[in-house]
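Asks: My file is upload_21.cif. It has mmCIF, C-alpha atoms and all ligand atoms:
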data_entry
loop_
_atom_site.label_atom_id
_atom_site.label_comp_id
_atom_site.auth_asym_id
_atom_site.auth_seq_id
_atom_site.Cartn_x
_atom_site.Cartn_y
_atom_site.Cartn_z
CA MET A 1 14.24 13.27 -18.37
CA VAL A 2 11.95 10.22 -18.03
CA LYS A 3 8.95 10.49 -20.35
CA PHE A 4 5.66 9.07 -19.13
CA GLY A 5 2.34 8.00 -20.55
CA VAL A 6 -0.45 7.84 -17.95
CA ILE A 7 -3.36 5.43 -18.39
CA GLY A 8 -6.43 6.12 -16.27
CA TYR A 9 -7.61 9.59 -15.29
CA GLY A 10 -10.41 8.79 -12.83
CA TYR A 11 -10.09 9.54 -9.11
CA TRP A 12 -6.37 8.80 -8.50
CA GLY A 13 -4.96 9.41 -12.02
CA PRO A 14 -5.05 13.24 -11.73
CA ASN A 15 -2.79 13.00 -8.64
CA VAL A 16 -0.27 10.92 -10.58
CA VAL A 17 -0.31 13.32 -13.55
CA ARG A 18 -0.05 16.43 -11.32
CA ASN A 19 2.94 15.03 -9.44
CA LEU A 20 4.76 13.76 -12.54
CA ASP A 21 4.13 17.08 -14.26
CA SER A 22 5.75 18.96 -11.37
CA LEU A 23 8.89 16.80 -11.16
CA ASP A 24 12.08 18.14 -12.72
CA GLY A 25 13.15 14.76 -14.07
CA ALA A 26 9.81 13.71 -15.55
CA GLN A 27 7.52 14.74 -18.35
CA VAL A 28 4.01 13.50 -19.20
CA LEU A 29 3.78 12.97 -22.96
CA ALA A 30 0.29 11.42 -23.13
CA ILE A 31 -2.80 10.63 -21.06
CA SER A 32 -5.23 7.90 -22.01
CA ASP A 33 -8.65 7.05 -20.63
CA LYS A 34 -11.59 5.11 -22.05
CA SER A 35 -14.07 7.55 -20.59
CA PRO A 36 -14.91 10.70 -22.60
CA THR A 37 -15.68 12.58 -19.35
CA ALA A 38 -12.27 11.70 -17.91
CA ARG A 39 -10.55 12.73 -21.17
CA LYS A 40 -12.39 16.06 -21.16
CA ARG A 41 -11.26 16.75 -17.58
CA ALA A 42 -7.66 15.87 -18.45
CA GLN A 43 -7.63 18.07 -21.56
CA LYS A 44 -9.14 21.00 -19.67
CA THR A 45 -6.34 20.91 -17.09
CA TYR A 46 -3.44 20.01 -19.41
CA HIS A 47 -3.86 21.85 -22.73
CA ASP A 48 -0.40 20.84 -23.95
CA ILE A 49 -0.59 17.11 -23.23
CA PRO A 50 -2.21 14.89 -25.89
CA VAL A 51 -5.18 12.97 -24.47
CA THR A 52 -6.39 9.85 -26.23
CA ALA A 53 -8.89 7.00 -25.92
CA ASP A 54 -6.49 4.65 -27.66
CA THR A 55 -4.20 3.06 -25.08
CA SER A 56 -2.12 1.27 -27.72
CA GLU A 57 -1.06 4.65 -29.14
CA VAL A 58 0.57 5.42 -25.79
CA MET A 59 2.03 1.94 -25.38
CA SER A 60 3.71 1.97 -28.78
CA SER A 61 5.02 5.54 -28.73
CA THR A 62 8.78 5.42 -29.17
CA ASP A 63 9.13 8.70 -27.23
CA ILE A 64 7.70 7.24 -24.04
CA ASP A 65 9.96 5.49 -21.48
CA ALA A 66 7.48 4.56 -18.74
CA ILE A 67 3.76 3.95 -18.31
CA ALA A 68 1.79 4.77 -15.17
CA ILE A 69 -1.25 2.51 -14.87
CA VAL A 70 -3.98 4.11 -12.76
CA THR A 71 -6.97 1.98 -13.71
CA PRO A 72 -9.03 -0.60 -11.77
CA VAL A 73 -7.16 -3.69 -10.56
CA TRP A 74 -8.69 -6.13 -13.05
CA THR A 75 -7.08 -4.15 -15.91
CA HIS A 76 -3.57 -3.95 -14.37
CA PHE A 77 -2.22 -7.23 -15.74
CA GLU A 78 -3.08 -6.71 -19.42
CA LEU A 79 -2.00 -3.07 -19.40
CA ALA A 80 1.27 -3.75 -17.55
CA LYS A 81 2.02 -6.71 -19.83
CA ALA A 82 1.47 -4.57 -22.92
CA ALA A 83 3.66 -1.81 -21.48
CA LEU A 84 6.53 -4.22 -20.71
CA GLU A 85 6.22 -5.91 -24.10
CA ASN A 86 6.58 -2.47 -25.66
CA GLY A 87 9.78 -1.90 -23.66
CA LYS A 88 8.33 0.54 -21.10
CA HIS A 89 9.01 0.70 -17.36
CA VAL A 90 5.81 0.34 -15.33
CA PHE A 91 4.39 2.28 -12.39
CA VAL A 92 1.24 0.43 -11.42
CA GLU A 93 -1.39 1.14 -8.81
CA LYS A 94 -2.04 -1.03 -5.78
CA PRO A 95 -3.05 -3.80 -5.67
CA PHE A 96 -0.46 -4.90 -8.24
CA THR A 97 -2.62 -7.58 -9.93
CA SER A 98 -5.74 -9.70 -9.33
CA CYS A 99 -3.74 -12.85 -8.47
CA VAL A 100 -0.24 -14.08 -7.69
CA GLN A 101 0.11 -15.86 -11.03
CA GLN A 102 -0.31 -12.59 -12.92
CA ALA A 103 2.15 -10.82 -10.62
CA GLU A 104 4.78 -13.51 -11.20
CA LYS A 105 4.34 -13.32 -14.98
CA LEU A 106 4.89 -9.56 -14.94
CA ILE A 107 7.96 -9.86 -12.69
CA ASN A 108 9.50 -12.42 -15.08
CA LEU A 109 8.70 -10.33 -18.12
CA ALA A 110 10.25 -7.21 -16.56
CA GLU A 111 13.35 -9.20 -15.66
CA GLN A 112 13.71 -10.59 -19.20
CA LYS A 113 13.37 -7.12 -20.66
CA ASN A 114 15.50 -5.43 -18.01
CA LEU A 115 12.69 -3.04 -17.10
CA LYS A 116 11.51 -1.71 -13.74
CA ILE A 117 8.17 -2.25 -12.07
CA MET A 118 7.11 -0.03 -9.19
CA VAL A 119 3.86 -0.73 -7.35
CA ASP A 120 2.19 2.34 -5.88
CA HIS A 121 2.32 1.57 -2.16
CA THR A 122 1.97 5.28 -1.44
CA PHE A 123 1.97 5.07 2.36
CA LEU A 124 5.55 3.77 2.41
CA PHE A 125 6.61 7.26 1.38
CA THR A 126 4.76 9.15 4.12
CA GLY A 127 6.79 10.81 6.84
CA ALA A 128 4.99 8.70 9.46
CA VAL A 129 5.82 5.30 7.94
CA ARG A 130 9.40 6.32 7.26
CA LYS A 131 9.75 7.45 10.88
CA ILE A 132 8.23 4.22 12.21
CA ARG A 133 10.57 2.16 10.03
CA GLN A 134 13.52 4.15 11.40
CA LEU A 135 12.35 3.52 14.99
CA LEU A 136 12.03 -0.21 14.31
CA GLU A 137 15.44 -0.34 12.66
CA GLU A 138 16.92 1.36 15.73
CA ASP A 139 15.16 -1.31 17.81
CA ALA A 140 13.37 1.44 19.77
CA LEU A 141 10.36 -0.82 20.48
CA GLY A 142 12.33 -3.97 21.25
CA LYS A 143 11.01 -7.38 20.27
CA LEU A 144 7.75 -6.87 18.34
CA TYR A 145 4.51 -8.24 19.79
CA TYR A 146 1.78 -6.99 17.49
CA TYR A 147 0.67 -4.71 14.64
CA ASP A 148 -2.94 -3.59 14.84
CA SER A 149 -4.40 -1.34 12.18
CA THR A 150 -7.86 0.22 11.72
CA ARG A 151 -8.81 1.79 8.39
CA VAL A 152 -12.52 2.52 8.41
CA ASN A 153 -14.85 5.14 6.96
CA LEU A 154 -18.24 5.52 5.30
CA GLY A 155 -17.76 4.43 1.64
CA LEU A 156 -16.37 4.87 -0.97
CA PHE A 157 -18.04 1.67 -2.17
CA GLN A 158 -16.16 0.10 -5.08
CA HIS A 159 -17.95 -1.68 -7.92
CA ASP A 160 -15.29 -4.26 -8.69
CA VAL A 161 -13.56 -5.28 -5.45
CA ASN A 162 -14.45 -5.86 -1.80
CA VAL A 163 -13.20 -3.76 1.09
CA ILE A 164 -10.15 -6.02 1.57
CA TRP A 165 -8.89 -5.52 -1.99
CA ASP A 166 -9.70 -1.81 -1.79
CA LEU A 167 -8.31 -0.75 1.60
CA ALA A 168 -6.16 -3.56 2.99
CA PRO A 169 -3.38 -3.24 0.33
CA HIS A 170 -2.34 -0.11 2.23
CA ASP A 171 -2.07 -1.91 5.57
CA LEU A 172 -0.54 -5.06 4.11
CA SER A 173 2.12 -3.11 2.23
CA ILE A 174 2.96 -1.05 5.34
CA MET A 175 3.09 -4.19 7.45
CA ASP A 176 5.29 -5.90 4.84
CA TYR A 177 7.64 -2.91 4.89
CA LEU A 178 7.84 -2.59 8.67
CA ILE A 179 7.95 -6.18 9.87
CA LYS A 180 11.08 -8.08 8.87
CA GLU A 181 9.70 -11.52 9.75
CA SER A 182 7.71 -13.39 7.09
CA PRO A 183 3.99 -13.91 7.56
CA GLU A 184 3.16 -17.60 7.95
CA ALA A 185 -0.62 -17.80 7.72
CA LEU A 186 -3.73 -15.68 7.87
CA VAL A 187 -7.40 -15.74 8.67
CA ALA A 188 -9.98 -13.37 7.20
CA THR A 189 -13.61 -12.86 8.04
CA GLY A 190 -16.10 -10.39 6.65
CA GLN A 191 -19.64 -9.83 5.56
CA THR A 192 -21.55 -8.43 2.58
CA HIS A 193 -24.45 -6.10 3.33
CA LEU A 194 -25.16 -3.90 0.34
CA ASN A 195 -23.65 -4.56 -3.08
CA GLY A 196 -22.54 -8.20 -2.92
CA PHE A 197 -18.95 -7.33 -1.98
CA GLU A 198 -17.70 -7.62 1.62
CA ASP A 199 -17.94 -4.15 3.13
CA VAL A 200 -16.68 -5.03 6.62
CA ALA A 201 -13.68 -7.33 7.09
CA PHE A 202 -11.04 -8.39 9.59
CA ILE A 203 -7.72 -10.01 8.76
CA THR A 204 -5.41 -11.66 11.26
CA VAL A 205 -1.88 -12.46 10.13
CA TYR A 206 0.37 -14.87 12.03
CA PHE A 207 4.12 -14.33 11.82
CA SER A 208 7.06 -16.27 13.15
CA GLU A 209 8.46 -15.09 16.49
CA LYS A 210 4.93 -14.80 17.94
CA ILE A 211 4.20 -11.53 16.13
CA ILE A 212 0.54 -11.13 15.30
CA ALA A 213 -1.10 -8.53 13.06
CA HIS A 214 -4.71 -7.50 12.83
CA ILE A 215 -6.28 -5.34 10.13
CA ASN A 216 -9.79 -3.92 10.36
CA VAL A 217 -11.20 -2.47 7.12
CA ASN A 218 -14.76 -1.17 6.83
CA TRP A 219 -16.81 0.93 4.41
CA LEU A 220 -19.71 1.12 6.87
CA SER A 221 -18.14 3.06 9.70
CA PRO A 222 -19.87 6.26 10.85
CA VAL A 223 -16.49 7.87 11.47
CA LYS A 224 -13.16 7.81 9.70
CA VAL A 225 -10.39 6.12 11.67
CA ARG A 226 -6.79 5.64 10.52
CA THR A 227 -5.00 4.34 13.56
CA THR A 228 -2.22 1.78 13.89
CA LEU A 229 -0.86 0.42 17.15
CA ILE A 230 2.50 -1.31 17.21
CA GLY A 231 3.45 -3.02 20.44
CA GLY A 232 6.93 -4.09 21.41
CA GLU A 233 8.63 -5.44 24.49
CA LYS A 234 10.35 -2.13 25.28
CA LYS A 235 7.94 0.47 23.92
CA MET A 236 4.66 0.83 22.05
CA LEU A 237 3.56 3.33 19.48
CA VAL A 238 0.36 4.80 18.11
CA TRP A 239 0.18 6.25 14.60
CA ASN A 240 -2.93 8.32 14.05
CA ASP A 241 -2.80 9.43 10.44
CA LEU A 242 -5.68 11.88 10.94
CA GLU A 243 -3.70 13.95 13.47
CA PRO A 244 -2.40 17.07 11.75
CA ASP A 245 0.76 17.11 13.91
CA GLU A 246 2.16 14.50 16.25
CA LYS A 247 0.96 11.65 14.04
CA VAL A 248 3.27 9.18 15.76
CA LYS A 249 3.44 8.86 19.53
CA VAL A 250 5.84 6.52 21.26
CA TYR A 251 4.90 5.30 24.73
CA ASP A 252 7.42 4.04 27.21
CA LYS A 253 4.92 1.52 28.52
CA GLY A 254 5.25 -2.17 28.99
CA VAL A 255 4.50 -5.23 31.04
CA SER A 256 6.86 -7.76 32.52
CA ILE A 257 5.93 -10.97 34.20
CA THR A 258 8.07 -13.03 36.52
CA SER A 259 7.22 -15.99 38.68
CA ARG A 260 8.87 -16.27 42.05
CA GLN A 261 10.37 -19.62 42.76
CA GLY A 262 8.22 -21.63 45.11
CA LEU A 263 5.28 -19.32 44.57
CA TYR A 264 2.32 -20.07 42.38
CA ASP A 265 1.37 -16.46 41.71
CA LEU A 266 2.87 -14.47 38.88
CA LEU A 267 4.42 -11.12 39.50
CA VAL A 268 3.11 -8.71 36.93
CA SER A 269 4.71 -5.31 36.77
CA TYR A 270 3.50 -2.50 34.57
CA ARG A 271 5.78 0.22 33.37
CA SER A 272 4.29 3.57 32.52
CA GLY A 273 6.89 6.10 31.50
CA ASP A 274 7.01 9.08 29.18
CA MET A 275 5.34 9.61 25.86
CA TRP A 276 7.12 11.44 23.06
CA ALA A 277 6.09 12.44 19.56
CA PRO A 278 9.00 12.26 17.10
CA GLN A 279 9.27 14.79 14.31
CA VAL A 280 7.50 13.47 11.20
CA GLU A 281 8.33 14.97 7.83
CA GLN A 282 5.31 16.46 6.05
CA VAL A 283 5.70 15.63 2.37
CA GLU A 284 3.33 14.59 -0.39
CA ALA A 285 4.05 10.86 -0.39
CA LEU A 286 3.09 10.32 -4.04
CA ARG A 287 5.45 13.06 -5.20
CA MET A 288 8.32 11.53 -3.26
CA GLU A 289 7.47 8.06 -4.60
CA LEU A 290 7.33 9.19 -8.24
CA GLY A 291 10.59 11.11 -7.79
CA TYR A 292 12.14 7.90 -6.45
CA PHE A 293 10.82 5.96 -9.47
CA VAL A 294 12.38 8.48 -11.85
CA ASP A 295 15.63 8.17 -9.90
CA CYS A 296 15.50 4.34 -10.05
CA ILE A 297 15.00 4.44 -13.83
CA SER A 298 17.68 7.07 -14.41
CA ASN A 299 20.27 5.31 -12.22
CA ASN A 300 19.24 1.73 -12.98
CA ARG A 301 18.34 0.94 -9.35
CA GLU A 302 15.73 -1.57 -8.21
CA PRO A 303 12.95 0.12 -6.20
CA PHE A 304 12.13 -1.47 -2.83
CA ASN A 305 8.41 -1.30 -3.71
CA ASP A 306 9.01 -3.41 -6.81
CA GLY A 307 6.99 -6.20 -8.40
CA ALA A 308 8.12 -8.64 -5.71
CA ALA A 309 6.78 -6.33 -2.97
CA GLY A 310 3.51 -5.99 -4.92
CA CYS A 311 3.35 -9.77 -5.27
CA ARG A 312 3.79 -10.33 -1.52
CA VAL A 313 0.76 -8.10 -0.91
CA VAL A 314 -1.30 -9.86 -3.62
CA ARG A 315 -0.39 -13.23 -2.05
CA MET A 316 -1.89 -12.06 1.24
CA LEU A 317 -4.97 -10.64 -0.51
CA GLU A 318 -5.48 -13.88 -2.38
CA ALA A 319 -5.13 -15.88 0.85
CA ALA A 320 -7.57 -13.48 2.55
CA SER A 321 -10.14 -14.14 -0.21
CA GLN A 322 -9.73 -17.91 0.24
CA SER A 323 -10.10 -17.63 4.00
CA LEU A 324 -13.09 -15.28 3.68
CA ASN A 325 -14.89 -17.76 1.42
CA LYS A 326 -14.48 -20.41 4.12
CA ARG A 327 -15.64 -18.12 6.93
CA GLY A 328 -12.24 -17.65 8.47
CA ALA A 329 -10.34 -20.85 7.67
CA LEU A 330 -6.59 -20.67 8.32
CA VAL A 331 -4.68 -20.26 5.04
CA TYR A 332 -0.92 -20.80 4.94
CA LEU A 333 1.12 -18.32 2.93
N1 LIG B 1 -2.35 4.71 -3.96
C1 LIG B 1 -3.48 5.16 -3.48
O1 LIG B 1 -3.55 5.73 -2.39
C2 LIG B 1 -4.72 4.97 -4.29
C3 LIG B 1 -5.85 5.75 -4.04
C4 LIG B 1 -6.98 5.54 -4.85
C5 LIG B 1 -6.96 4.58 -5.83
N2 LIG B 1 -5.83 3.84 -6.03
C6 LIG B 1 -5.78 2.81 -7.07
O2 LIG B 1 -5.82 3.43 -8.35
C7 LIG B 1 -6.49 2.61 -9.28
C8 LIG B 1 -7.62 3.41 -9.93
O3 LIG B 1 -8.52 3.78 -8.90
P1 LIG B 1 -9.51 5.04 -9.08
O4 LIG B 1 -10.16 5.20 -7.75
O5 LIG B 1 -8.78 6.18 -9.71
O6 LIG B 1 -10.56 4.42 -10.12
P2 LIG B 1 -11.57 5.22 -11.09
O7 LIG B 1 -12.59 4.23 -11.48
O8 LIG B 1 -11.97 6.50 -10.46
O9 LIG B 1 -10.67 5.59 -12.35
C9 LIG B 1 -10.17 4.64 -13.22
C10 LIG B 1 -10.09 5.26 -14.63
O10 LIG B 1 -9.50 4.31 -15.49
C11 LIG B 1 -10.19 4.34 -16.75
N3 LIG B 1 -9.97 3.04 -17.38
C12 LIG B 1 -10.38 1.82 -16.98
N4 LIG B 1 -9.93 0.86 -17.79
C13 LIG B 1 -9.19 1.48 -18.74
C14 LIG B 1 -8.44 1.03 -19.86
N5 LIG B 1 -8.35 -0.28 -20.16
N6 LIG B 1 -7.81 1.95 -20.62
C15 LIG B 1 -7.90 3.27 -20.33
N7 LIG B 1 -8.59 3.75 -19.28
C16 LIG B 1 -9.21 2.87 -18.48
C17 LIG B 1 -11.63 4.60 -16.37
O11 LIG B 1 -12.36 5.13 -17.46
C18 LIG B 1 -11.49 5.59 -15.22
O12 LIG B 1 -11.51 6.93 -15.65
C19 LIG B 1 -6.96 1.37 -8.52
O13 LIG B 1 -6.02 0.35 -8.68
C20 LIG B 1 -6.95 1.85 -7.06
O14 LIG B 1 -6.74 0.80 -6.14
C21 LIG B 1 -4.72 4.03 -5.30
#
As structure tokens, please, write out the structure in this file.
Ligand SMILES: NC(=O)c1ccc[n+]([C@@H]2O[C@H](COP(=O)([O-])OP(=O)(O)OC[C@H]3O[C@@H](n4cnc5c(N)ncnc54)[C@H](O)[C@@H]3O)[C@@H](O)[C@H]2O)c1

Replies:
Amino acid sequence: MVKFGVIGYGYWGPNVVRNLDSLDGAQVLAISDKSPTARKRAQKTYHDIPVTADTSEVMSSTDIDAIAIVTPVWTHFELAKAALENGKHVFVEKPFTSCVQQAEKLINLAEQKNLKIMVDHTFLFTGAVRKIRQLLEEDALGKLYYYDSTRVNLGLFQHDVNVIWDLAPHDLSIMDYLIKESPEALVATGQTHLNGFEDVAFITVYFSEKIIAHINVNWLSPVKVRTTLIGGEKKMLVWNDLEPDEKVKVYDKGVSITSRQGLYDLLVSYRSGDMWAPQVEQVEALRMELGYFVDCISNNREPFNDGAAGCRVVRMLEAASQSLNKRGALVYL
């Protein structure tokens, strides 16, 4: 049984507590939040779990093995550092930290103390992403051409981060998980309209092997869109996360170009074959992820969404901020 303390019971914290509470191998021993309203909500739902305003009480409890940090990003570093210094494993929300330097410090500290860090990249545990990863591993799409993701909706405006730091960690972590090649450089553009933080932004990531990725994040869209296109030489796929069934569709479509010797024109041939929708497992991703964390702790295994994975995403976010400030300058990673 892995015993948890959960810090932060705002919007996402209740999902973490509910899932931990329902896992056989986990137990929530304490919840902490600075806000009296949040504490009241927690206590109303979980009569038997102590709820406190004092985070250090949770950090120093000798009964607790792991801390889940579900607070805003600017608090992640100090809270995770305190948890590791107190000998606790850490489950921390995306984005891992506010900068690469903080991420590296936490990774080193966890290594010294022989503790695990898992960064909540929830989408990696969805049936759709796991299916897409399987397809890519089987080389179903052939040589990759592009990754193009749209994550737009109206709001929720954040008070502490722009739309890139709020929404793009999802896309960047998925991209990091699916594309084996390393990103080389990126460009980000965006604009502020309402509260001083960029609310519309576009990121382009250049990889080796001519793979290009594009991420569109927007809090000012009239409709919600969650669509990712992945194009390969052999096949292309569309993942529409808002589809109740058939979230992933694989198209046997492609283009090949040849030039006939002695001729100046190019021969372009288009292939338009079948479309199929592979079976995608319907599971609550967060539950699966937390179960995996418990398993990693119990069996002393390193999670794939560890501090290093979190740091790779923060490196891209940091580069995106630099590029954004220079209206789309190329930043090498
Ligand atoms: N994985 C996902 O899909 C997903 C979804 C939503 C949010 N998140 C992440 O979860 C984190 C929290 O987001 P949210 O939307 O729940 O924010 P929120 O503002 O709704 O809740 C944060 C809570 O943390 C509390 N808090 C802040 N600092 C604290 C401290 N030092 N000690 C104790 N309590 C503290 C606040 O009082 C608040 O109740 C963010 O990192 C966000 O990116 C992840």

Asks: Per residue of chain A within 7 Å of ligand LIG 1 (chain B), note the shortest atom pair and the distance in Å to one decimal, counting all atoms listed in the file, and order the rows by chain and increasing residue number, as a Markdown table.

Replies:
| residue | atom | partner | partner_atom | distance |
| --- | --- | --- | --- | --- |
| A:Ile7 | CA | B:LIG1 | C15 | 5.4 |
| A:Gly8 | CA | B:LIG1 | O10 | 3.6 |
| A:Tyr9 | CA | B:LIG1 | O12 | 4.7 |
| A:Gly10 | CA | B:LIG1 | O9 | 3.2 |
| A:Tyr11 | CA | B:LIG1 | O5 | 3.7 |
| A:Trp12 | CA | B:LIG1 | O5 | 3.8 |
| A:Gly13 | CA | B:LIG1 | O5 | 5.5 |
| A:Ser32 | CA | B:LIG1 | C15 | 5.6 |
| A:Asp33 | CA | B:LIG1 | N7 | 3.6 |
| A:Lys34 | CA | B:LIG1 | N7 | 4.3 |
| A:Ser35 | CA | B:LIG1 | O11 | 4.3 |
| A:Ala38 | CA | B:LIG1 | O12 | 5.3 |
| A:Ala53 | CA | B:LIG1 | C15 | 6.8 |
| A:Thr55 | CA | B:LIG1 | N6 | 5.8 |
| A:Val70 | CA | B:LIG1 | C7 | 4.5 |
| A:Thr71 | CA | B:LIG1 | O10 | 3.9 |
| A:Pro72 | CA | B:LIG1 | C19 | 4.3 |
| A:Val73 | CA | B:LIG1 | O13 | 4.6 |
| A:Thr75 | CA | B:LIG1 | N5 | 5.9 |
| A:Leu79 | CA | B:LIG1 | N5 | 7.0 |
| A:Glu93 | CA | B:LIG1 | O13 | 4.7 |
| A:Lys94 | CA | B:LIG1 | O14 | 5.1 |
| A:Pro95 | CA | B:LIG1 | O14 | 5.9 |
| A:Asp120 | CA | B:LIG1 | N1 | 5.5 |
| A:His121 | CA | B:LIG1 | N1 | 5.9 |
| A:Thr122 | CA | B:LIG1 | N1 | 5.0 |
| A:Asp166 | CA | B:LIG1 | O14 | 5.9 |

Asks: Which residues are close to stretch 183-185 of chain A, i.e. within 7 Å by only C-alpha atoms, leaving aside same-chain residues fewer than 6 positions away? Reply as a PyMOL selection string.

Replies: chain A and resi 205-208+330-333

Asks: For C-alpha atoms, I'd like the residues from the last selection saved as a PDB file, keeping the file's coordinate frame.

Replies:
ATOM      1  CA  VAL A 205      -1.880 -12.460  10.130  1.00  0.00           C
ATOM      2  CA  TYR A 206       0.370 -14.870  12.030  1.00  0.00           C
ATOM      3  CA  PHE A 207       4.120 -14.330  11.820  1.00  0.00           C
ATOM      4  CA  SER A 208       7.060 -16.270  13.150  1.00  0.00           C
ATOM      5  CA  LEU A 330      -6.590 -20.670   8.320  1.00  0.00           C
ATOM      6  CA  VAL A 331      -4.680 -20.260   5.040  1.00  0.00           C
ATOM      7  CA  TYR A 332      -0.920 -20.800   4.940  1.00  0.00           C
ATOM      8  CA  LEU A 333       1.120 -18.320   2.930  1.00  0.00           C
TER       9      LEU A 333
END

Asks: Go through stretch 212-317 of chain A residue by residue and, counting all atoms listed in the file, keep those with an atom at most 12 Å from stretch 139-155 of chain A; for each kept residue give the shortest atom pair and its distance in Å to one decimal, ordered by chain and increasing number, as a tab-separated table.

Replies:
residue	atom	partner	partner_atom	distance
A:Ile212	CA	A:Tyr146	CA	4.8
A:Ala213	CA	A:Tyr147	CA	4.5
A:His214	CA	A:Asp148	CA	4.7
A:Ile215	CA	A:Ser149	CA	4.9
A:Asn216	CA	A:Thr150	CA	4.8
A:Val217	CA	A:Arg151	CA	5.0
A:Asn218	CA	A:Val152	CA	4.6
A:Trp219	CA	A:Gly155	CA	4.6
A:Leu220	CA	A:Leu154	CA	4.9
A:Ser221	CA	A:Asn153	CA	4.8
A:Pro222	CA	A:Leu154	CA	5.8
A:Val223	CA	A:Asn153	CA	5.5
A:Lys224	CA	A:Asn153	CA	4.2
A:Val225	CA	A:Val152	CA	5.3
A:Arg226	CA	A:Arg151	CA	4.8
A:Thr227	CA	A:Thr150	CA	5.3
A:Thr228	CA	A:Ser149	CA	4.2
A:Leu229	CA	A:Asp148	CA	5.1
A:Ile230	CA	A:Tyr147	CA	4.6
A:Gly231	CA	A:Tyr146	CA	5.2
A:Gly232	CA	A:Leu144	CA	4.2
A:Glu233	CA	A:Gly142	CA	5.1
A:Lys234	CA	A:Gly142	CA	4.9
A:Lys235	CA	A:Leu141	CA	4.4
A:Met236	CA	A:Leu141	CA	6.1
A:Leu237	CA	A:Leu141	CA	8.0
A:Val238	CA	A:Asp148	CA	9.6
A:Trp239	CA	A:Ser149	CA	9.2
A:Asn240	CA	A:Thr150	CA	9.8
A:Asp241	CA	A:Arg151	CA	9.9
A:Leu242	CA	A:Arg151	CA	10.9
A:Lys249	CA	A:Leu141	CA	11.9
A:Val250	CA	A:Leu141	CA	8.7
A:Tyr251	CA	A:Leu141	CA	9.2
A:Asp252	CA	A:Leu141	CA	8.8
A:Lys253	CA	A:Leu141	CA	10.0
A:Gly254	CA	A:Leu141	CA	10.0
A:Val255	CA	A:Tyr145	CA	11.6
A:Pro278	CA	A:Ala140	CA	12.0

Asks: Choose the residue, out of A:Val187, A:Met59, A:Val314, A:Val283, that has the smallest atom-to-atom separation from A:Lys326; count all atoms listed in the file.

Replies: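 Of all the options, A:Val187 lies closest to A:Lys326.
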
Asks: Skip stretch 156-162 of chain A itself and residues of its chain fewer than 4 positions away, then list as a ChimeraX atom specification all residues within 10 Å of it, counting all atoms listed in the file.

Replies: /A:72-74,98,166-168,190-192,194-201,218-220,321

Asks: As a list in words, please: the residues near A:Asp245 (cut-off 12 Å, all atoms listed in the file, same-chain neighbours under 6 positions excluded).

Replies: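 The filter keeps Gly127, Ala128, Trp239, Ala277, Pro278, Gln279, Val280, Glu281 and Gln282 of chain A.
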
Asks: Neighbouring residues of A:Arg301 were defined as those with any atom within 9 Å, considering only C-alpha atoms; residues of the same chain fewer than 5 positions away were excluded. Please report them as a ChimeraX atom specification.

Replies: /A:116,295-296

Asks: Can those selected residues be exported to a file as a PDB file, in the frame of the given file so that it contains C-alpha atoms?

Replies:
ATOM      1  CA  LYS A 116      11.510  -1.710 -13.740  1.00  0.00           C
ATOM      2  CA  ASP A 295      15.630   8.170  -9.900  1.00  0.00           C
ATOM      3  CA  CYS A 296      15.500   4.340 -10.050  1.00  0.00           C
TER       4      CYS A 296
END

Asks: Go through A:Gln27, A:Gln322, A:Thr37, A:Thr204 one by one, measure the shortest atom-to-atom distance of each to A:Val2 using only C-alpha atoms, and give the residue with the smallest value.

Replies: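 Counting only C-alpha atoms, the residue closest to A:Val2 is A:Gln27.
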
Asks: Please provide the set of residues having any atom within 7 Å of A:Ile67, restricted to only C-alpha atoms, with same-chain residues fewer than 3 positions apart removed, written as a count of residues only.

Replies: 8

Asks: Interatomic distance between atom CA of A:Lys180 and atom CA of A:Glu318?

Replies: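 Going from atom CA of A:Lys180 over to atom CA of A:Glu318, I get 20.8 Å.
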
Asks: Which one is closest to A:Lys131: A:Lys81, A:Asp21, A:Ala188, A:Lys247? Count only C-alpha atoms.

Replies: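 Using only C-alpha atoms, the shortest distance to A:Lys131 belongs to A:Lys247.
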
Asks: What gap, in Å, lies between atom CA of A:Gly310 and atom CA of A:Ile117?

Replies: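 One can read the atom CA of A:Gly310 to atom CA of A:Ile117 distance as 9.3 Å.
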